[in-house]
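Engineer: Provided herewith: input18.tsv, TSV, C-alpha atoms.
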```
chain	number	residue	atom	x	y	z
Z	121	SER	CA	-64.92	-85.40	38.16
Z	122	TYR	CA	-62.67	-82.33	37.62
Z	123	THR	CA	-62.50	-79.87	34.71
Z	124	ILE	CA	-59.17	-78.09	34.00
Z	125	THR	CA	-59.44	-74.82	32.06
Z	126	ALA	CA	-56.50	-72.60	30.89
Z	127	ASP	CA	-56.77	-68.83	30.62
Z	128	ALA	CA	-56.80	-67.20	27.19
Z	129	GLY	CA	-53.37	-67.48	25.64
Z	130	TYR	CA	-52.45	-70.33	27.91
Z	131	HIS	CA	-52.93	-74.12	27.90
Z	132	VAL	CA	-52.77	-77.00	30.39
Z	133	ALA	CA	-49.18	-77.98	30.85
Z	134	ASP	CA	-49.72	-80.99	33.20
Z	135	VAL	CA	-52.08	-82.58	35.75
Z	136	LEU	CA	-50.73	-84.44	38.80
Z	137	VAL	CA	-52.96	-86.97	40.61
Z	138	ASP	CA	-51.65	-88.08	43.95
Z	139	GLY	CA	-48.29	-86.66	42.82
Z	140	ALA	CA	-48.25	-88.55	39.58
Z	141	SER	CA	-48.70	-86.92	36.19
Z	142	VAL	CA	-51.72	-87.88	34.25
Z	143	GLY	CA	-50.78	-85.54	31.37
Z	144	ALA	CA	-52.22	-82.31	30.10
Z	145	ALA	CA	-55.77	-83.40	30.69
Z	146	SER	CA	-58.68	-81.03	30.60
Z	147	SER	CA	-60.69	-83.21	33.00
Z	148	TYR	CA	-60.24	-86.07	35.53
Z	149	THR	CA	-62.57	-88.41	37.47
Z	150	PHE	CA	-61.87	-90.34	40.66
Z	151	ASN	CA	-63.89	-93.59	40.63
Z	152	ASN	CA	-64.84	-95.86	43.63
Z	153	VAL	CA	-62.95	-93.62	46.05
Z	154	THR	CA	-61.51	-95.62	48.99
Z	155	ALA	CA	-58.72	-93.26	50.09
Z	156	ASN	CA	-57.69	-89.59	50.17
Z	157	HIS	CA	-56.46	-88.15	46.88
Z	158	THR	CA	-54.82	-84.92	45.38
Z	159	ILE	CA	-55.02	-83.37	41.94
Z	160	GLU	CA	-52.89	-80.43	40.70
Z	161	ALA	CA	-52.97	-78.65	37.31
Z	162	THR	CA	-50.23	-76.41	35.79
Z	163	PHE	CA	-50.47	-74.12	32.76
Z	164	ALA	CA	-48.09	-72.64	30.11
Z	165	ALA	CA	-48.37	-69.78	27.63
Z	166	ASP	CA	-49.49	-70.65	24.19
Z	167	THR	CA	-47.01	-70.31	21.25
Z	168	PRO	CA	-47.73	-66.86	19.62
Z	169	VAL	CA	-49.64	-67.02	16.40
Z	170	PRO	CA	-47.98	-65.14	13.52
Z	171	PRO	CA	-49.98	-61.91	12.85
Z	172	THR	CA	-51.79	-61.61	9.57
Z	173	THR	CA	-51.13	-57.77	9.29
Z	174	PHE	CA	-48.12	-55.43	9.78
Z	175	THR	CA	-47.52	-51.66	9.98
Z	176	ILE	CA	-45.09	-49.27	8.29
Z	177	THR	CA	-44.54	-45.85	9.94
Z	178	ALA	CA	-43.31	-43.11	7.56
Z	179	GLY	CA	-42.09	-39.59	8.47
Z	180	ALA	CA	-40.33	-36.58	6.83
Z	181	GLY	CA	-38.23	-33.74	8.26
Z	182	ALA	CA	-38.65	-30.03	7.46
Z	183	ASN	CA	-38.60	-28.77	3.86
Z	184	GLY	CA	-39.98	-31.92	2.20
Z	185	ALA	CA	-42.55	-34.75	2.34
Z	186	ILE	CA	-42.94	-38.54	2.15
Z	187	THR	CA	-46.02	-40.17	0.60
Z	188	PRO	CA	-47.85	-41.92	2.13
Z	189	SER	CA	-46.96	-40.56	5.54
Z	190	GLY	CA	-47.83	-41.78	8.97
Z	191	VAL	CA	-48.82	-45.43	9.78
Z	192	VAL	CA	-49.88	-47.80	6.99
Z	193	THR	CA	-51.28	-51.29	7.87
Z	194	LEU	CA	-50.47	-54.09	5.42
Z	195	ASN	CA	-51.37	-57.72	5.04
Z	196	SER	CA	-48.57	-60.18	5.48
Z	197	GLY	CA	-46.71	-60.57	2.17
Z	198	ASP	CA	-47.91	-57.23	0.75
Z	199	ASN	CA	-45.67	-54.58	-0.88
Z	200	GLN	CA	-45.65	-50.81	-0.09
Z	201	SER	CA	-43.97	-48.00	-2.07
Z	202	TYR	CA	-43.03	-44.48	-0.83
Z	203	ALA	CA	-42.28	-41.26	-2.75
Z	204	ILE	CA	-39.89	-38.70	-1.14
Z	205	THR	CA	-40.22	-35.10	-2.39
Z	206	ALA	CA	-38.12	-32.03	-1.36
Z	207	ASP	CA	-39.52	-28.48	-1.26
Z	208	ALA	CA	-38.32	-25.88	-3.80
Z	209	GLY	CA	-34.73	-24.89	-3.02
Z	210	PHE	CA	-34.10	-28.10	-1.09
Z	211	HIS	CA	-33.09	-31.69	-1.86
Z	212	VAL	CA	-33.28	-35.11	-0.17
Z	213	ALA	CA	-30.37	-35.39	2.25
Z	214	ASP	CA	-30.95	-39.00	3.42
Z	215	VAL	CA	-33.57	-41.75	3.86
Z	216	LEU	CA	-33.46	-44.11	6.88
Z	217	VAL	CA	-35.26	-47.49	6.70
Z	218	ASP	CA	-35.57	-49.27	10.05
Z	219	GLY	CA	-32.82	-46.91	11.32
Z	220	ALA	CA	-30.31	-47.63	8.52
Z	221	SER	CA	-29.46	-45.20	5.70
Z	222	VAL	CA	-30.47	-46.15	2.18
Z	223	GLY	CA	-29.06	-42.90	0.73
Z	224	ALA	CA	-30.65	-39.75	-0.72
Z	225	VAL	CA	-33.29	-41.68	-2.67
Z	226	SER	CA	-36.49	-40.15	-4.04
Z	227	SER	CA	-38.52	-43.39	-3.63
Z	228	TYR	CA	-38.47	-46.68	-1.66
Z	229	THR	CA	-40.52	-49.95	-1.75
Z	230	PHE	CA	-41.06	-52.54	0.99
Z	231	ASN	CA	-41.57	-55.96	-0.69
Z	232	ASN	CA	-43.29	-59.11	0.82
Z	233	VAL	CA	-43.90	-57.44	4.14
Z	234	ALA	CA	-43.47	-59.84	7.04
Z	235	ALA	CA	-42.67	-57.40	9.87
Z	236	ASN	CA	-43.32	-53.88	11.04
Z	237	HIS	CA	-41.09	-51.20	9.52
Z	238	THR	CA	-40.17	-47.48	9.69
Z	239	ILE	CA	-39.02	-45.03	7.03
Z	240	GLU	CA	-37.75	-41.43	7.64
Z	241	ALA	CA	-36.60	-38.78	5.13
Z	242	THR	CA	-34.47	-35.64	5.80
Z	243	PHE	CA	-33.80	-32.65	3.54
Z	244	ALA	CA	-31.11	-29.94	3.00
Z	245	ALA	CA	-31.00	-26.58	1.24
Z	246	ASP	CA	-29.76	-26.50	-2.33
Z	247	ALA	CA	-26.60	-24.54	-3.25
Z	248	PRO	CA	-27.62	-20.98	-4.24
Z	249	PRO	CA	-28.26	-20.77	-7.98
Z	250	ALA	CA	-25.91	-18.69	-10.11
Z	251	PRO	CA	-27.24	-15.13	-10.32
Z	252	ALA	CA	-28.70	-13.96	-13.59
Z	253	THR	CA	-26.82	-10.63	-13.31
Z	254	PHE	CA	-23.35	-9.56	-12.19
Z	255	THR	CA	-21.62	-6.28	-11.34
Z	256	ILE	CA	-18.31	-4.69	-12.36
Z	257	THR	CA	-16.98	-1.95	-10.08
Z	258	ALA	CA	-14.56	0.46	-11.79
Z	259	GLY	CA	-12.40	3.15	-10.13
Z	260	ALA	CA	-9.52	5.48	-11.00
Z	261	GLY	CA	-6.89	7.16	-8.86
Z	262	ALA	CA	-5.91	10.83	-9.04
Z	263	ASN	CA	-4.83	12.43	-12.35
Z	264	GLY	CA	-6.89	10.27	-14.69
Z	265	SER	CA	-10.22	8.55	-15.31
Z	266	ILE	CA	-11.86	5.26	-16.31
Z	267	THR	CA	-14.99	5.07	-18.44
Z	268	PRO	CA	-17.53	3.91	-17.44
Z	269	SER	CA	-16.80	4.42	-13.73
Z	270	GLY	CA	-18.58	3.13	-10.67
Z	271	VAL	CA	-20.82	0.03	-10.64
Z	272	VAL	CA	-22.15	-1.45	-13.89
Z	273	THR	CA	-24.74	-4.27	-13.78
Z	274	LEU	CA	-24.54	-6.87	-16.56
Z	275	ASN	CA	-26.52	-9.92	-17.59
Z	276	SER	CA	-24.76	-13.27	-17.37
Z	277	GLY	CA	-22.70	-13.80	-20.53
Z	278	ASP	CA	-22.49	-10.10	-21.45
Z	279	SER	CA	-19.25	-8.23	-22.25
Z	280	GLN	CA	-18.12	-4.81	-20.98
Z	281	SER	CA	-15.29	-2.58	-22.24
Z	282	TYR	CA	-13.42	0.12	-20.31
Z	283	THR	CA	-11.30	3.08	-21.47
Z	284	ILE	CA	-8.51	4.39	-19.22
Z	285	THR	CA	-7.38	8.00	-19.83
Z	286	ALA	CA	-4.59	9.91	-18.06
Z	287	ASP	CA	-4.73	13.68	-17.48
Z	288	ALA	CA	-2.33	15.98	-19.35
Z	289	GLY	CA	1.19	15.50	-18.01
Z	290	PHE	CA	0.38	12.05	-16.62
Z	291	HIS	CA	0.29	8.46	-17.91
Z	292	VAL	CA	-1.33	5.15	-16.90
Z	293	ALA	CA	0.87	3.55	-14.23
Z	294	ASP	CA	-1.07	0.29	-13.78
Z	295	VAL	CA	-4.48	-1.35	-14.20
Z	296	VAL	CA	-5.56	-3.97	-11.63
Z	297	VAL	CA	-8.38	-6.41	-12.51
Z	298	ASP	CA	-9.82	-8.49	-9.65
Z	299	GLY	CA	-6.72	-7.65	-7.60
Z	300	ALA	CA	-4.14	-8.69	-10.23
Z	301	SER	CA	-2.10	-6.29	-12.39
Z	302	ILE	CA	-2.60	-6.42	-16.16
Z	303	GLY	CA	-0.09	-3.62	-16.86
Z	304	ALA	CA	-0.37	0.00	-18.01
Z	305	VAL	CA	-3.13	-0.61	-20.58
Z	306	SER	CA	-5.40	2.10	-21.97
Z	307	SER	CA	-8.43	-0.19	-22.39
Z	308	TYR	CA	-9.79	-3.50	-21.09
Z	309	THR	CA	-12.77	-5.74	-21.92
Z	310	PHE	CA	-14.55	-8.27	-19.71
Z	311	ASN	CA	-15.92	-11.01	-22.01
Z	312	ASN	CA	-18.73	-13.52	-21.26
Z	313	VAL	CA	-19.22	-12.22	-17.72
Z	314	ALA	CA	-20.07	-15.00	-15.26
Z	315	ALA	CA	-18.98	-13.42	-11.95
Z	316	ASN	CA	-18.60	-10.05	-10.24
Z	317	HIS	CA	-15.42	-8.12	-11.08
Z	318	THR	CA	-13.41	-5.03	-10.16
Z	319	ILE	CA	-11.07	-2.84	-12.22
Z	320	GLU	CA	-8.87	-0.04	-10.85
Z	321	ALA	CA	-6.50	2.32	-12.70
Z	322	THR	CA	-3.63	4.36	-11.25
Z	323	PHE	CA	-1.62	7.15	-12.86
Z	324	ALA	CA	1.88	8.70	-12.59
Z	325	ALA	CA	3.43	11.98	-13.69
Z	326	ASP	CA	5.22	12.03	-17.05
Z	327	ALA	CA	8.98	12.66	-17.18
Z	328	PRO	CA	9.56	16.44	-17.61
Z	329	VAL	CA	10.01	17.53	-21.25
Z	330	PRO	CA	13.26	19.45	-21.89
Z	331	PRO	CA	12.49	23.16	-22.61
Z	332	ALA	CA	12.65	24.34	-26.25
Z	333	THR	CA	14.38	27.61	-25.27
Z	334	PHE	CA	16.94	28.72	-22.70
Z	335	THR	CA	18.19	32.04	-21.33
Z	336	ILE	CA	21.67	33.52	-20.95
Z	337	THR	CA	22.03	36.39	-18.48
Z	338	ALA	CA	25.02	38.66	-19.21
Z	339	GLY	CA	26.34	41.46	-17.01
Z	340	ALA	CA	29.42	43.72	-16.84
Z	341	GLY	CA	30.99	45.60	-13.95
Z	342	ALA	CA	32.11	49.26	-14.04
Z	343	ASN	CA	34.50	50.57	-16.72
Z	344	GLY	CA	33.46	48.24	-19.54
Z	345	SER	CA	30.62	46.42	-21.28
Z	346	ILE	CA	29.46	43.07	-22.63
Z	347	ALA	CA	27.36	42.69	-25.77
Z	348	PRO	CA	24.65	41.58	-25.86
Z	349	ALA	CA	23.88	42.55	-22.25
Z	350	GLY	CA	21.00	41.44	-20.05
Z	351	VAL	CA	18.83	38.36	-20.70
Z	352	THR	CA	19.02	36.71	-24.13
Z	353	THR	CA	16.58	33.91	-25.05
Z	354	VAL	CA	18.05	31.26	-27.36
Z	355	ASN	CA	16.75	28.08	-28.97
Z	356	ALA	CA	17.95	24.71	-27.71
Z	357	GLY	CA	21.05	23.61	-29.63
Z	358	SER	CA	21.92	27.09	-30.90
Z	359	ASN	CA	25.11	29.13	-30.26
Z	360	GLN	CA	25.49	32.60	-28.68
Z	361	ALA	CA	28.63	34.79	-28.85
Z	362	TYR	CA	29.54	37.64	-26.50
Z	363	VAL	CA	32.00	40.53	-27.01
Z	364	ILE	CA	33.64	42.04	-23.93
Z	365	THR	CA	34.99	45.62	-24.24
Z	366	ALA	CA	36.90	47.62	-21.60
Z	367	ASN	CA	36.67	51.42	-21.40
Z	368	ALA	CA	39.73	53.55	-22.28
Z	369	GLY	CA	42.38	53.15	-19.59
Z	370	TYR	CA	40.93	49.83	-18.43
Z	371	HIS	CA	41.26	46.19	-19.37
Z	372	VAL	CA	39.29	42.96	-18.79
Z	373	ALA	CA	40.14	41.59	-15.34
Z	374	ASP	CA	38.09	38.35	-15.45
Z	375	VAL	CA	35.18	36.62	-17.16
Z	376	VAL	CA	33.01	34.27	-15.06
Z	377	VAL	CA	30.72	31.76	-16.85
Z	378	ASP	CA	28.18	29.90	-14.73
Z	379	GLY	CA	30.14	30.82	-11.61
Z	380	ALA	CA	33.52	29.63	-12.91
Z	381	SER	CA	36.33	31.87	-14.23
Z	382	VAL	CA	37.34	31.50	-17.88
Z	383	GLY	CA	40.10	34.16	-17.63
Z	384	ALA	CA	40.44	37.69	-19.00
Z	385	ALA	CA	38.82	36.92	-22.36
Z	386	SER	CA	37.65	39.58	-24.80
Z	387	SER	CA	34.92	37.28	-26.19
Z	388	TYR	CA	33.07	34.09	-25.29
Z	389	THR	CA	30.71	31.76	-27.18
Z	390	PHE	CA	28.14	29.31	-25.76
Z	391	ASN	CA	27.85	26.37	-28.19
Z	392	ASN	CA	24.98	23.87	-28.60
Z	393	ILE	CA	23.03	25.42	-25.75
Z	394	ALA	CA	21.04	22.93	-23.64
Z	395	ALA	CA	20.63	24.81	-20.36
Z	396	ASN	CA	20.34	28.30	-18.87
Z	397	HIS	CA	23.66	30.17	-18.38
Z	398	THR	CA	25.19	33.29	-16.85
Z	399	ILE	CA	28.23	35.35	-17.89
Z	400	SER	CA	29.70	38.31	-15.99
Z	401	VAL	CA	32.74	40.50	-16.63
Z	402	THR	CA	34.91	42.68	-14.36
Z	403	PHE	CA	37.46	45.34	-15.40
Z	404	ALA	CA	40.65	46.88	-13.91
Z	405	ALA	CA	42.57	50.09	-14.59
Z	406	ASP	CA	45.55	49.89	-16.95
Z	407	ALA	CA	49.12	50.63	-15.66
Z	408	PRO	CA	50.06	54.38	-16.23
Z	409	ALA	CA	52.29	55.40	-19.20
Z	410	GLY	CA	56.04	54.92	-18.44
Z	411	GLY	CA	55.54	51.50	-17.10
Z	412	LYS	CA	55.02	52.39	-13.46
Z	413	PRO	CA	51.71	51.92	-11.91
Z	414	GLU	CA	50.04	54.71	-9.93
Z	415	GLU	CA	50.94	53.05	-6.65
Z	416	ASP	CA	54.70	53.42	-7.44
Z	417	GLU	CA	54.23	57.11	-8.23
Z	418	GLU	CA	52.50	57.66	-4.93
Z	419	GLU	CA	55.38	55.92	-3.13
Z	420	GLU	CA	57.91	58.18	-4.93
Z	421	ASP	CA	55.93	61.27	-3.95
Z	422	GLU	CA	55.89	60.13	-0.36
Z	423	GLY	CA	59.71	59.58	-0.52
Z	424	GLU	CA	60.32	63.10	-1.88
Z	425	GLU	CA	58.19	64.57	0.86
Z	426	ASP	CA	60.26	62.67	3.44
Z	427	GLU	CA	63.51	64.07	1.89
Z	428	HIS	CA	62.16	67.60	2.03
Z	429	GLU	CA	61.21	67.13	5.65
Z	430	GLY	CA	64.77	65.90	6.33
Z	431	ASP	CA	66.33	69.00	4.69
Z	432	ASP	CA	64.11	71.24	6.76
Z	433	ASP	CA	65.22	69.48	9.88
Z	434	HIS	CA	68.87	69.87	8.82
Z	435	ASP	CA	68.43	73.59	8.20
Z	436	GLU	CA	66.84	74.05	11.56
Z	437	GLY	CA	69.81	72.25	13.13
Z	438	ASP	CA	72.30	74.60	11.41
Z	439	ASP	CA	70.42	77.65	12.62
Z	440	ASP	CA	70.50	76.35	16.15
Z	441	ASP	CA	74.26	75.75	15.92
Z	442	GLU	CA	74.91	79.32	14.67
Z	443	ASP	CA	72.84	80.80	17.47
Z	444	ASP	CA	74.75	78.75	20.02
Z	445	GLU	CA	78.07	79.94	18.59
Z	446	GLU	CA	76.98	83.60	18.74
Z	447	GLU	CA	75.95	83.18	22.35
Z	448	ASP	CA	79.31	81.61	23.14
Z	449	ASP	CA	81.15	84.57	21.51
Z	450	ASP	CA	79.15	87.02	23.54
Z	451	ASP	CA	79.92	85.16	26.68
Z	452	GLY	CA	83.66	85.21	25.83
Z	453	GLU	CA	83.66	88.94	25.25
Z	454	ASP	CA	81.97	89.53	28.57
Z	455	ASP	CA	84.60	87.44	30.33
Z	456	ASP	CA	87.42	89.44	28.71
Z	457	ASP	CA	85.88	92.71	29.87
Z	458	GLU	CA	85.68	91.41	33.39
Z	459	ASP	CA	89.37	90.41	33.26
Z	460	ASP	CA	90.36	93.84	32.10
Z	461	GLU	CA	88.45	95.43	34.94
Z	462	ASP	CA	90.21	93.16	37.41
Z	463	LYS	CA	93.56	94.16	35.95
Z	464	ASP	CA	92.76	97.81	36.30
Z	465	ASP	CA	91.77	97.26	39.89
```
Translate the structure of the given file into C-alpha cells.
Structural biologist:
Amino acid sequence: SYTITADAGYHVADVLVDGASVGAASSYTFNNVTANHTIEATFAADTPVPPTTFTITAGAGANGAITPSGVVTLNSGDNQSYAITADAGFHVADVLVDGASVGAVSSYTFNNVAANHTIEATFAADAPPAPATFTITAGAGANGSITPSGVVTLNSGDSQSYTITADAGFHVADVVVDGASIGAVSSYTFNNVAANHTIEATFAADAPVPPATFTITAGAGANGSIAPAGVTTVNAGSNQAYVITANAGYHVADVVVDGASVGAASSYTFNNIAANHTISVTFAADAPAGGKPEEDEEEEDEGEEDEHEGDDDHDEGDDDDEDDEEEDDDDGEDDDDEDDEDKDD
C-alpha cells in the first residue's frame, strides 16, 4: 500500500500506476503482485481561499492630519470612515484613494470592504487674510505742504482726509493718488479704507501780479530843463505830463521817450501808464540875430583876414618895385658919368 500526501496549500493532482492514471488518489495498494510495477504522484497548488479580513492604510502630508491614520484591519464587508483636517492657516489640497484623486474632501468612507485600500491627504497654505489695518503715505513737493504728512495707520473701513496748502506765491499744480492724477485739488478724502494708499502733492509758482505803481525817470541835458525832473512814481493807469523848457538863446533839439525820438517837443504826456518809462531832452543854441549863424560869421571874419593879408602882400610888392626902379636909375646915372669921362679922355 502507498499513501500520497500533498504539502500545505497543495493537493494531489494525479497518480500514475504503471504509466496509467488512477486519479488523484491519496493511497494505492498493489495486490497479488506477479510483476514489476511503478507508481507516480503529482501535486498542484490549492485555489486561494478568500481572506476574511482586509487592511486600509491612511496617511497625511505636512500641515494637516487624517483620522484614523496608519493601518486599519477590517472584516470583509465592513465600512470605514476617515476625517481629513488641515492645520490653522492651511486647507486640504487633495485626497488620493488607491492612487486616484477624489478632490479636496474633508472626509471619506470605504463601504463593504472587499479588498485592501490606501488613502492619502495633502495640504496647502491658505491665502493671507486681509490685514486689519492699512497705511496711507502722504508727501508734498517744494513750496507747499499736505496735512497730515508721512505715514498714517488706519483700521479697515476707516476714512482719512487730507488738506493741501501752497506757500505764498505758489499754487497746487497736481495731486496724485495711488499713482493717478486727481487734479489740482486743495483737499482729498479716502473713504472706507480697504487697502494701502499713497497721496502726493506738487506745487508751481503763481503768475506774477502786475505792479500797482510804476516809475518815470526824466532827465535834461545842458542849457534847459524838464519838469518834473528825476524819478516820479505814478499809479497804474494814471497820466503824467512833462514840460520841457530851453534856456535863453537855446531851443529844444530832441525829446527821447523810452529810447525813441518824439521830436523837438516842448511838452509830453504819458497816458494810462502800465509800465516804467524814461524821457530825456537835449538842447541846441539858437541862430544869432540877423539870421546868420555863428559859423557864417566866423567864415566872414576868416575871409576879411585873408583880404587884409592880400593887401599887405600887394603893398610889399609895390615897395619892392620902387626900390628896383631907384636902383636902376642909380645905375643909369653911373653909366652916364662913365661915358662923359670917356669923352673927355
Engineer: Would you list the contacts of Ala161 (chain Z) as an mmCIF file with C-alpha atoms, in the coordinates of the input, taking every protein, DNA or RNA residue within 7 Å and counting all atoms listed in the file, but skipping same-chain residues closer than 6 positions in sequence?
Structural biologist:
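Saved file part_30.cif follows:
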```cif
data_model
loop_
_atom_site.group_PDB
_atom_site.id
_atom_site.type_symbol
_atom_site.label_atom_id
_atom_site.label_comp_id
_atom_site.auth_asym_id
_atom_site.auth_seq_id
_atom_site.Cartn_x
_atom_site.Cartn_y
_atom_site.Cartn_z
ATOM 1 C CA ASP Z 134 -49.720 -80.990 33.200
ATOM 2 C CA VAL Z 135 -52.080 -82.580 35.750
ATOM 3 C CA LEU Z 136 -50.730 -84.440 38.800
#
```
Engineer: Can you list, as a PyMOL selection string, every protein, DNA or RNA residue that comes within 12 Å of Asn343 (chain Z) when you count only C-alpha atoms, leaving out same-chain residues fewer than 6 positions away?
Structural biologist: chain Z and resi 364-373+401-406
Engineer: Would you kindly return, as a VMD selection string, each protein, DNA or RNA residue with an atom no farther than 6 Å from any atom of region 208-211 of chain Z, considering all atoms listed in the file and excluding same-chain residues fewer than 2 positions away?
Structural biologist: chain Z and resid 206 243 to 246
Engineer: May I have the protein, DNA and RNA residues with an atom at most 8 Å from (-54.1, -81.4, 28.9), counting all atoms listed in the file in the file's coordinates, returned as a PDB file with C-alpha atoms, in the coordinates of the input?
Structural biologist:
```
ATOM      1  CA  ILE Z 124     -59.170 -78.090  34.000  1.00  0.00           C
ATOM      2  CA  HIS Z 131     -52.930 -74.120  27.900  1.00  0.00           C
ATOM      3  CA  VAL Z 132     -52.770 -77.000  30.390  1.00  0.00           C
ATOM      4  CA  ALA Z 133     -49.180 -77.980  30.850  1.00  0.00           C
ATOM      5  CA  ASP Z 134     -49.720 -80.990  33.200  1.00  0.00           C
ATOM      6  CA  VAL Z 135     -52.080 -82.580  35.750  1.00  0.00           C
ATOM      7  CA  GLY Z 143     -50.780 -85.540  31.370  1.00  0.00           C
ATOM      8  CA  ALA Z 144     -52.220 -82.310  30.100  1.00  0.00           C
ATOM      9  CA  ALA Z 145     -55.770 -83.400  30.690  1.00  0.00           C
ATOM     10  CA  SER Z 146     -58.680 -81.030  30.600  1.00  0.00           C
ATOM     11  CA  SER Z 147     -60.690 -83.210  33.000  1.00  0.00           C
TER      12      SER Z 147
END
```
Engineer: Considering all atoms listed in the file, can you say which of Z:Ile256, Z:Ala235, Z:Ile336, Z:Ala349 comes closest to Ala314 (chain Z)?
Structural biologist: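 With all atoms listed in the file as the atom set, the closest residue is Z:Ile256.
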Engineer: Quick one: distance from CA of Asn152 (chain Z) to CA of Ala126 (chain Z) in Å, one decimal?
Structural biologist: 27.8 Å
